[in-house]
$ cat run.txt   # compact mmCIF, C-alpha atoms
# COMPACT_ATOMS: atom_id res chain seq x y z
CA MET B 1 82.17 94.49 20.76
CA ASN B 2 80.32 93.10 23.76
CA LYS B 3 80.92 94.70 27.13
CA VAL B 4 82.99 92.56 29.46
CA ILE B 5 83.36 93.09 33.19
CA THR B 6 85.93 90.98 35.02
CA ILE B 7 85.86 90.64 38.79
CA GLY B 8 88.83 89.54 40.85
CA ARG B 9 87.88 89.04 44.48
CA GLU B 10 89.27 88.06 47.83
CA PHE B 11 87.66 85.07 49.54
CA GLY B 12 84.83 86.33 51.76
CA SER B 13 84.81 89.83 50.27
CA GLY B 14 81.37 89.42 48.70
CA GLY B 15 82.82 89.74 45.20
CA ARG B 16 80.73 86.89 43.84
CA GLU B 17 77.52 88.34 45.30
CA LEU B 18 78.45 91.72 43.84
CA ALA B 19 79.01 90.11 40.44
CA LYS B 20 75.65 88.31 40.54
CA ARG B 21 73.74 91.43 41.56
CA LEU B 22 75.53 93.53 38.94
CA SER B 23 74.64 90.99 36.25
CA GLU B 24 70.97 91.13 37.28
CA LEU B 25 70.93 94.93 37.32
CA LEU B 26 72.72 95.29 33.99
CA GLY B 27 71.22 92.28 32.25
CA TYR B 28 74.68 90.86 31.52
CA ALA B 29 75.44 87.12 31.47
CA TYR B 30 77.20 85.93 34.63
CA TYR B 31 79.94 83.31 34.60
CA ASP B 32 81.66 81.80 37.58
CA LYS B 33 81.38 78.10 38.35
CA GLU B 34 79.93 77.60 34.87
CA ILE B 35 83.47 78.03 33.54
CA VAL B 36 84.75 75.00 35.41
CA SER B 37 81.79 72.87 34.26
CA GLU B 38 82.41 73.88 30.67
CA ILE B 39 86.12 73.07 30.85
CA ALA B 40 85.36 69.67 32.39
CA LYS B 41 82.94 68.94 29.56
CA ARG B 42 85.47 69.88 26.89
CA THR B 43 88.51 68.15 28.38
CA SER B 44 86.64 65.06 29.56
CA LEU B 45 88.15 65.55 32.99
CA ALA B 46 86.02 65.26 36.12
CA GLU B 47 84.63 68.61 37.26
CA ASN B 48 86.02 68.15 40.76
CA TYR B 49 89.44 67.40 39.37
CA VAL B 50 89.38 70.51 37.17
CA LYS B 51 88.37 72.57 40.17
CA GLN B 52 91.18 71.09 42.24
CA VAL B 53 93.78 71.72 39.55
CA ILE B 54 92.79 75.33 38.88
CA GLU B 55 92.71 76.20 42.53
CA HIS B 56 96.45 75.66 42.75
CA SER B 57 99.36 77.28 41.03
CA PRO B 58 101.28 74.85 38.81
CA ARG B 59 104.42 75.82 40.68
CA LEU B 60 103.07 74.05 43.75
CA TYR B 61 103.48 70.72 42.04
CA PHE B 62 107.21 70.98 41.51
CA PRO B 63 108.98 68.84 44.09
CA SER B 64 111.18 70.93 46.32
CA THR B 65 113.86 68.22 46.43
CA THR B 66 114.83 65.54 43.96
CA GLY B 67 115.67 61.91 44.55
CA ARG B 68 114.38 58.40 44.04
CA THR B 69 111.90 58.53 46.84
CA LEU B 70 110.14 61.38 45.08
CA HIS B 71 109.92 59.55 41.77
CA ALA B 72 106.26 58.61 42.05
CA HIS B 73 105.38 62.09 43.22
CA THR B 74 107.25 63.59 40.28
CA ILE B 75 105.38 61.47 37.80
CA GLY B 76 102.14 62.55 39.41
CA SER B 77 103.29 66.16 39.18
CA ASP B 78 104.08 65.82 35.49
CA TYR B 79 100.50 64.82 34.85
CA MET B 80 99.25 67.66 36.98
CA ILE B 81 101.39 70.19 35.11
CA HIS B 82 100.26 68.79 31.80
CA HIS B 83 96.63 69.05 32.89
CA HIS B 84 97.22 72.57 34.13
CA ALA B 85 98.35 73.66 30.68
CA THR B 86 95.45 71.87 28.98
CA ILE B 87 92.92 73.32 31.39
CA TYR B 88 94.34 76.85 31.13
CA ALA B 89 94.23 76.71 27.32
CA GLU B 90 90.64 75.45 27.38
CA GLN B 91 89.74 78.09 29.93
CA ALA B 92 91.00 80.79 27.56
CA ASN B 93 88.83 79.36 24.76
CA VAL B 94 85.76 79.20 26.99
CA LEU B 95 86.24 82.79 28.20
CA ARG B 96 86.67 84.13 24.67
CA GLU B 97 83.52 82.35 23.50
CA MET B 98 81.60 83.74 26.47
CA ALA B 99 82.78 87.28 25.63
CA ASP B 100 81.83 86.69 21.98
CA THR B 101 78.32 85.64 22.89
CA SER B 102 76.99 88.61 24.87
CA ASP B 103 77.78 91.34 27.42
CA CYS B 104 79.06 89.43 30.42
CA ILE B 105 80.54 89.46 33.91
CA ILE B 106 83.26 86.92 34.64
CA VAL B 107 84.46 86.09 38.13
CA GLY B 108 88.11 85.12 38.66
CA ARG B 109 90.02 82.86 36.25
CA CYS B 110 92.53 85.54 35.13
CA ALA B 111 89.76 86.78 32.82
CA ASP B 112 91.07 90.37 33.06
CA TYR B 113 94.32 89.16 31.53
CA ILE B 114 93.02 86.50 29.12
CA LEU B 115 90.44 88.90 27.66
CA ARG B 116 92.67 92.00 27.72
CA ASP B 117 92.16 92.59 23.97
CA ARG B 118 88.41 93.08 24.70
CA GLU B 119 89.29 95.97 27.04
CA PRO B 120 87.18 94.71 29.92
CA LEU B 121 86.23 96.85 32.90
CA ARG B 122 88.47 95.21 35.48
CA LEU B 123 87.15 95.26 39.05
CA PHE B 124 88.86 93.97 42.17
CA VAL B 125 86.79 93.41 45.29
CA TYR B 126 88.45 93.17 48.71
CA ALA B 127 87.77 93.67 52.40
CA ASP B 128 89.42 93.75 55.81
CA MET B 129 89.99 90.34 57.43
CA ASP B 130 87.35 90.93 60.15
CA ALA B 131 84.75 91.81 57.53
CA LYS B 132 85.65 88.70 55.52
CA VAL B 133 85.32 86.44 58.55
CA ALA B 134 81.93 88.01 59.37
CA ARG B 135 80.76 87.56 55.78
CA CYS B 136 81.81 83.90 55.72
CA ARG B 137 79.85 83.30 58.95
CA ALA B 138 76.77 85.10 57.64
CA ARG B 139 76.96 83.10 54.40
CA ASP B 140 77.23 79.79 56.23
CA PRO B 141 75.81 79.97 59.75
CA GLU B 142 76.78 76.31 60.24
CA GLU B 143 80.46 76.95 59.57
CA GLU B 144 82.25 74.96 62.25
CA LEU B 145 85.71 76.46 61.91
CA SER B 146 86.97 78.68 64.73
CA ASP B 147 87.73 82.31 63.87
CA LYS B 148 91.42 81.47 63.85
CA ALA B 149 90.92 78.54 61.47
CA LEU B 150 88.64 80.57 59.25
CA ARG B 151 91.25 83.33 58.97
CA LYS B 152 93.82 80.68 58.07
CA LYS B 153 91.51 79.30 55.38
CA ILE B 154 90.84 82.76 53.91
CA LYS B 155 94.56 83.47 53.78
CA ARG B 156 95.26 80.10 52.16
CA VAL B 157 92.61 80.52 49.45
CA ASP B 158 93.79 84.05 48.64
CA ARG B 159 97.44 82.96 48.63
CA ASN B 160 96.59 80.30 46.05
CA ARG B 161 94.63 82.79 43.95
CA ALA B 162 97.58 85.19 44.05
CA LYS B 163 100.02 82.43 43.01
CA TYR B 164 97.77 81.26 40.19
CA TYR B 165 97.36 84.81 38.88
CA GLN B 166 101.09 85.52 39.17
CA TYR B 167 101.95 82.29 37.34
CA TYR B 168 99.72 82.95 34.34
CA THR B 169 99.85 86.73 34.07
CA GLY B 170 103.24 87.61 35.57
CA LYS B 171 101.43 90.27 37.56
CA LYS B 172 100.52 90.83 41.19
CA TRP B 173 97.00 89.78 42.10
CA GLY B 174 95.11 92.56 43.91
CA ALA B 175 97.65 95.32 43.09
CA CYS B 176 95.45 98.22 42.04
CA ARG B 177 97.61 98.92 38.99
CA ASN B 178 96.14 95.82 37.32
CA TYR B 179 92.52 96.94 37.67
CA ASP B 180 90.31 99.88 36.69
CA LEU B 181 88.44 100.05 39.96
CA CYS B 182 89.14 98.44 43.33
CA VAL B 183 86.26 98.30 45.78
CA ASN B 184 86.51 97.75 49.52
CA THR B 185 83.36 96.04 50.86
CA SER B 186 84.34 96.22 54.57
CA SER B 187 81.89 98.89 55.55
CA ALA B 188 79.52 98.91 52.60
CA SER B 189 76.43 96.90 51.72
CA VAL B 190 77.15 94.78 48.65
CA GLU B 191 73.59 95.36 47.47
CA ALA B 192 74.03 99.14 47.57
CA LEU B 193 77.48 98.90 46.01
CA ALA B 194 76.08 96.84 43.14
CA ARG B 195 73.36 99.43 42.52
CA MET B 196 75.88 102.23 42.50
CA LEU B 197 78.33 100.38 40.27
CA ALA B 198 75.52 99.55 37.84
CA ASP B 199 74.70 103.28 37.67
CA LEU B 200 78.35 104.05 37.14
CA ILE B 201 78.68 101.48 34.35
CA ARG B 202 75.45 102.62 32.67
CA GLY B 203 76.66 106.22 33.00
CA SER B 204 80.00 105.29 31.52
CA ALA B 205 78.36 103.51 28.56
CA ALA B 206 76.12 106.54 27.98
CA GLU B 207 79.17 108.80 28.18
CA GLU B 208 81.00 106.64 25.64
CA ALA B 209 78.04 106.76 23.28
CA ARG B 210 77.77 110.53 23.75
CA THR B 211 81.40 111.22 22.87
CA LYS B 212 81.43 108.96 19.81
CA MET U 1 79.31 114.63 61.45
CA ASN U 2 80.46 116.34 58.26
CA LYS U 3 81.24 114.14 55.27
CA VAL U 4 84.94 113.88 54.55
CA ILE U 5 86.45 112.56 51.33
CA THR U 6 90.21 112.04 51.25
CA ILE U 7 92.06 111.64 47.98
CA GLY U 8 95.49 110.07 47.69
CA ARG U 9 96.86 110.39 44.17
CA GLU U 10 99.84 109.55 42.03
CA PHE U 11 101.63 112.46 40.37
CA GLY U 12 100.07 113.05 36.94
CA SER U 13 97.07 110.80 37.60
CA GLY U 14 94.57 113.69 37.52
CA GLY U 15 93.69 113.14 41.19
CA ARG U 16 93.73 116.84 41.98
CA GLU U 17 91.49 117.68 39.02
CA LEU U 18 89.15 114.89 40.08
CA ALA U 19 89.06 116.30 43.61
CA LYS U 20 88.29 119.81 42.37
CA ARG U 21 85.51 118.67 40.05
CA LEU U 22 84.02 116.44 42.75
CA SER U 23 83.98 119.35 45.19
CA GLU U 24 82.16 121.52 42.64
CA LEU U 25 79.62 118.80 41.88
CA LEU U 26 78.96 117.96 45.52
CA GLY U 27 79.30 121.46 46.95
CA TYR U 28 82.01 120.30 49.39
CA ALA U 29 84.93 122.48 50.46
CA TYR U 30 88.17 121.59 48.69
CA TYR U 31 91.56 121.65 50.42
CA ASP U 32 94.90 121.05 48.84
CA LYS U 33 97.56 123.77 48.73
CA GLU U 34 95.48 125.73 51.25
CA ILE U 35 96.71 123.28 53.90
CA VAL U 36 100.35 124.28 53.38
CA SER U 37 99.48 128.00 53.50
CA GLU U 38 97.58 127.52 56.74
CA ILE U 39 100.42 125.57 58.36
CA ALA U 40 102.91 128.25 57.30
CA LYS U 41 100.72 130.91 58.86
CA ARG U 42 100.43 129.03 62.14
CA THR U 43 104.05 127.97 62.49
CA SER U 44 105.52 131.25 61.22
CA LEU U 45 107.61 129.25 58.79
CA ALA U 46 107.93 130.29 55.16
CA GLU U 47 105.37 128.61 52.91
CA ASN U 48 108.05 127.35 50.55
CA TYR U 49 109.99 125.86 53.42
CA VAL U 50 106.89 124.07 54.75
CA LYS U 51 106.25 122.72 51.27
CA GLN U 52 109.82 121.51 50.97
CA VAL U 53 109.76 119.81 54.37
CA ILE U 54 106.46 118.01 53.86
CA GLU U 55 107.45 116.77 50.45
CA HIS U 56 110.14 114.61 52.01
CA SER U 57 110.01 111.82 54.51
CA PRO U 58 111.80 112.65 57.77
CA ARG U 59 113.79 109.45 57.32
CA LEU U 60 115.58 111.06 54.38
CA TYR U 61 117.32 113.43 56.75
CA PHE U 62 119.01 110.77 58.84
CA PRO U 63 122.66 110.50 57.81
CA SER U 64 123.45 107.06 56.44
CA THR U 65 126.87 107.04 58.12
CA THR U 66 128.16 108.70 61.25
CA GLY U 67 131.38 110.57 61.83
CA ARG U 68 132.86 114.02 62.33
CA THR U 69 132.55 115.06 58.73
CA LEU U 70 128.79 114.66 58.95
CA HIS U 71 128.47 116.80 62.06
CA ALA U 72 127.19 119.93 60.31
CA HIS U 73 124.78 117.87 58.23
CA THR U 74 123.50 116.14 61.36
CA ILE U 75 122.79 119.44 63.07
CA GLY U 76 120.90 120.61 60.00
CA SER U 77 118.97 117.34 60.04
CA ASP U 78 118.01 117.79 63.68
CA TYR U 79 116.33 121.07 62.81
CA MET U 80 114.60 119.47 59.84
CA ILE U 81 113.32 116.58 61.96
CA HIS U 82 112.14 118.99 64.62
CA HIS U 83 110.30 121.05 61.99
CA HIS U 84 108.84 117.89 60.50
CA ALA U 85 107.26 117.00 63.82
CA THR U 86 105.97 120.55 64.36
CA ILE U 87 104.56 120.74 60.87
CA TYR U 88 102.94 117.31 61.06
CA ALA U 89 101.29 118.18 64.38
CA GLU U 90 100.01 121.47 62.98
CA GLN U 91 98.84 119.71 59.83
CA ALA U 92 96.74 117.36 61.96
CA ASN U 93 95.15 120.35 63.73
CA VAL U 94 94.41 122.10 60.45
CA LEU U 95 92.83 118.98 58.92
CA ARG U 96 90.63 118.39 61.97
CA GLU U 97 89.42 121.97 61.93
CA MET U 98 88.65 121.71 58.22
CA ALA U 99 86.63 118.54 58.81
CA ASP U 100 84.84 120.25 61.70
CA THR U 101 83.84 123.20 59.54
CA SER U 102 81.94 121.57 56.66
CA ASP U 103 81.72 118.63 54.27
CA CYS U 104 85.10 118.58 52.54
CA ILE U 105 87.51 116.94 50.14
CA ILE U 106 91.14 116.81 51.17
CA VAL U 107 93.97 115.96 48.79
CA GLY U 108 97.03 114.13 50.12
CA ARG U 109 98.62 114.91 53.50
CA CYS U 110 97.84 111.51 55.09
CA ALA U 111 94.33 112.90 55.67
CA ASP U 112 92.82 109.40 55.37
CA TYR U 113 94.90 108.39 58.38
CA ILE U 114 94.83 111.60 60.41
CA LEU U 115 91.03 111.86 60.11
CA ARG U 116 90.32 108.13 60.47
CA ASP U 117 87.96 108.74 63.40
CA ARG U 118 85.73 110.76 61.02
CA GLU U 119 85.35 107.67 58.83
CA PRO U 120 86.22 109.45 55.59
CA LEU U 121 85.55 107.99 52.17
CA ARG U 122 89.12 107.20 51.19
CA LEU U 123 89.87 107.39 47.46
CA PHE U 124 93.14 106.60 45.73
CA VAL U 125 93.65 107.82 42.17
CA TYR U 126 96.32 106.26 39.94
CA ALA U 127 97.21 105.66 36.31
CA ASP U 128 99.67 103.87 34.04
CA MET U 129 102.99 105.65 33.49
CA ASP U 130 102.22 106.50 29.84
CA ALA U 131 98.91 108.09 30.83
CA LYS U 132 100.63 110.09 33.57
CA VAL U 133 103.29 111.39 31.18
CA ALA U 134 100.59 112.37 28.66
CA ARG U 135 98.58 114.14 31.37
CA CYS U 136 101.64 116.09 32.57
CA ARG U 137 102.29 117.23 28.98
CA ALA U 138 98.65 118.24 28.45
CA ARG U 139 98.68 120.15 31.75
CA ASP U 140 101.85 122.01 30.87
CA PRO U 141 102.44 122.19 27.11
CA GLU U 142 105.68 124.09 27.79
CA GLU U 143 107.17 121.29 29.89
CA GLU U 144 110.74 121.03 28.68
CA LEU U 145 111.68 117.71 30.24
CA SER U 146 112.19 114.74 27.92
CA ASP U 147 109.84 111.78 28.33
CA LYS U 148 112.61 109.93 30.14
CA ALA U 149 113.22 112.82 32.54
CA LEU U 150 109.50 113.27 33.11
CA ARG U 151 109.12 109.60 34.01
CA LYS U 152 112.00 109.95 36.43
CA LYS U 153 110.37 112.99 38.02
CA ILE U 154 107.00 111.20 38.36
CA LYS U 155 108.71 108.23 40.01
CA ARG U 156 110.65 110.49 42.37
CA VAL U 157 107.60 112.46 43.49
CA ASP U 158 105.59 109.29 44.08
CA ARG U 159 108.48 107.62 45.90
CA ASN U 160 108.62 110.59 48.29
CA ARG U 161 104.85 110.49 48.80
CA ALA U 162 105.07 106.78 49.58
CA LYS U 163 107.90 107.31 52.07
CA TYR U 164 106.08 110.17 53.78
CA TYR U 165 102.88 108.12 54.07
CA GLN U 166 104.76 105.08 55.34
CA TYR U 167 106.61 107.15 57.95
CA TYR U 168 103.53 108.72 59.46
CA THR U 169 100.94 105.96 59.04
CA GLY U 170 103.06 102.78 59.07
CA LYS U 171 101.08 101.71 56.02
CA LYS U 172 101.79 101.27 52.33
CA TRP U 173 100.78 104.20 50.16
CA GLY U 174 98.60 103.13 47.23
CA ALA U 175 97.92 99.60 48.56
CA CYS U 176 94.19 99.16 47.96
CA ARG U 177 93.67 97.78 51.47
CA ASN U 178 94.12 101.31 52.87
CA TYR U 179 91.35 102.85 50.74
CA ASP U 180 87.64 102.39 50.08
CA LEU U 181 87.86 102.90 46.35
CA CYS U 182 90.84 102.98 44.00
CA VAL U 183 90.29 104.55 40.60
CA ASN U 184 92.46 104.09 37.52
CA THR U 185 92.31 107.18 35.29
CA SER U 186 94.41 105.73 32.43
CA SER U 187 91.60 105.26 29.98
CA ALA U 188 88.85 107.37 31.53
CA SER U 189 87.97 111.05 31.31
CA VAL U 190 88.46 112.65 34.72
CA GLU U 191 85.42 114.84 34.06
CA ALA U 192 83.20 111.81 33.46
CA LEU U 193 84.73 109.95 36.40
CA ALA U 194 84.00 112.91 38.69
CA ARG U 195 80.37 112.98 37.56
CA MET U 196 79.99 109.27 38.17
CA LEU U 197 81.71 109.39 41.55
CA ALA U 198 79.51 112.31 42.60
CA ASP U 199 76.44 110.21 41.69
CA LEU U 200 77.88 107.30 43.62
CA ILE U 201 78.56 109.45 46.70
CA ARG U 202 75.13 111.10 46.54
CA GLY U 203 73.57 107.64 46.13
CA SER U 204 75.54 106.35 49.08
CA ALA U 205 74.45 109.27 51.27
CA ALA U 206 70.82 108.70 50.23
CA GLU U 207 71.21 104.99 50.99
CA GLU U 208 72.61 105.79 54.42
CA ALA U 209 69.72 108.15 55.16
CA ARG U 210 67.25 105.53 53.91
CA THR U 211 68.56 102.76 56.18
CA LYS U 212 68.75 104.94 59.29

$ encode --input "run.txt" --output "structure tokens"
Amino acid sequence: MNKVITIGREFGSGGRELAKRLSELLGYAYYDKEIVSEIAKRTSLAENYVKQVIEHSPRLYFPSTTGRTLHAHTIGSDYMIHHHATIYAEQANVLREMADTSDCIIVGRCADYILRDREPLRLFVYADMDAKVARCRARDPEEELSDKALRKKIKRVDRNRAKYYQYYTGKKWGACRNYDLCVNTSSASVEALARMLADLIRGSAAEEARTK
Amino acid sequence: MNKVITIGREFGSGGRELAKRLSELLGYAYYDKEIVSEIAKRTSLAENYVKQVIEHSPRLYFPSTTGRTLHAHTIGSDYMIHHHATIYAEQANVLREMADTSDCIIVGRCADYILRDREPLRLFVYADMDAKVARCRARDPEEELSDKALRKKIKRVDRNRAKYYQYYTGKKWGACRNYDLCVNTSSASVEALARMLADLIRGSAAEEARTK
């Protein structure tokens, strides 16, 4: 069975960078945005649309009130919900094929849950808000949002990730119980963390081989 | 500044064993029950009494109703609350002295919070309920409690730890945000985990020295 590492991550925590570096160090395939492109290809939906749909929990599309004036909105929502289900099903297929192909690292997309029968190493990467704001600024020096607005954005993105995860897995996103290892990047260099995690994973694989 | 590692752990998660093994591998001092003995010595309270007091959150002693019939209970509670404060203050002194003396690993006792100015590496060790029950049975083959009763005991101990932590730190025990690394021992050998964590900590220290 191929080795699978899944990485859940807070926005601005450096989780994606950690995943990329880990994949280079371990020689594992790395999947992140590739998943969305692949789903778009298979469902014949526009990539941007797929991205927009999977960034929101289906629950968000249910109208909070009912009535004639909401009719058009409701019809729109029905489509959205239908697409959500289609996209989620295709996502599961794509992830399984990726895990079948080679050792791999998958960022986000409820991969820890969808691929649970492959017994992935489930990482969650998080950081304090100040560290996340600083990382966002370092990543994009031309970011024009104020600190306050950036914090609001980070909270919004993470809230949507939590809702999406809760909707499809029934579990709490970021609660350590759902992961094997949770890593705080607030006061650590992601580069060094990746090196150490790669050692840990190599050590663990060696250990497994030794005890078999 | 001496290196300090603090370990919060769920009952039955193997956190204490991990701490002991880590201390052997790294050559750090290891403090766990020694803290209670030292507090007892300094406060002239019986060791068992200290243990009993610090295993419960002070909040538990507040009567939920008021009235004459609770008078005796309230007086008893006043003493308990007073002792709680004395013991907590002494605990803080003991922990600081331990951190001043040498590199060390401290299990429980809100050490991550009390020693926050020493920038400890804050670990939290947890496991699934089934794994915790199995570990308790392996640790004590003569345990006479049924599985159901053992689960109840594990939940009770952890609930008290959470309340104690919340009372003194204002933070949620076991929420990954309060730690640097959270480690799930459900499907890992504690011995192997300790070896890997020791490598990680040695690597991190080397990295720190390298970048200074």

$ residues_around --input "run.txt" --residues "Pro120 of chain B" --least-positions-apart "4" --cutoff "8 Å" --atoms "only C-alpha atoms" --output "list in words"
Lys3, Val4, Ile5, Thr6, Asp112, Leu115 and Arg116 of chain B

$ interface_residues --input "run.txt" --of "chain B" --to "chain U" --cutoff "8 Å" --atoms "only C-alpha atoms" --output "list of chain:residue names"
B:Tyr126, B:Ala127, B:Asp128, B:Gly174, B:Ala175, B:Cys176, B:Arg177, B:Tyr179, B:Asp180, B:Leu181, B:Cys182, B:Val183, B:Asn184, B:Thr185, B:Ala192, B:Met196, B:Leu197, B:Asp199, B:Leu200, B:Gly203, B:Ser204, B:Glu207

$ atom_distance --input "run.txt" --atom1 "atom CA of Tyr164 of chain U" --atom2 "atom CA of Gly15 of chain U"
17.9 Å

$ atom_distance --input "run.txt" --atom1 "atom CA of Gln91 of chain U" --atom2 "atom CA of Val53 of chain U"
12.2 Å

$ residues_around --input "run.txt" --residues "segment 159-161 of chain B" --least-positions-apart "3" --cutoff "9 Å" --atoms "only C-alpha atoms" --output "list in words"
Glu10, Glu55, His56, Ser57, Gly108, Arg109, Ile154, Lys155, Arg156, Tyr164, Tyr165, Gln166 and Trp173 of chain B

$ residues_near_point --input "run.txt" --point "(94.7, 75.6, 27.8)" --cutoff "12 Å" --atoms "all atoms listed in the file" --output "number ranges by chain"
B: 39-40, 42-43, 50, 54, 81-95, 114, 168
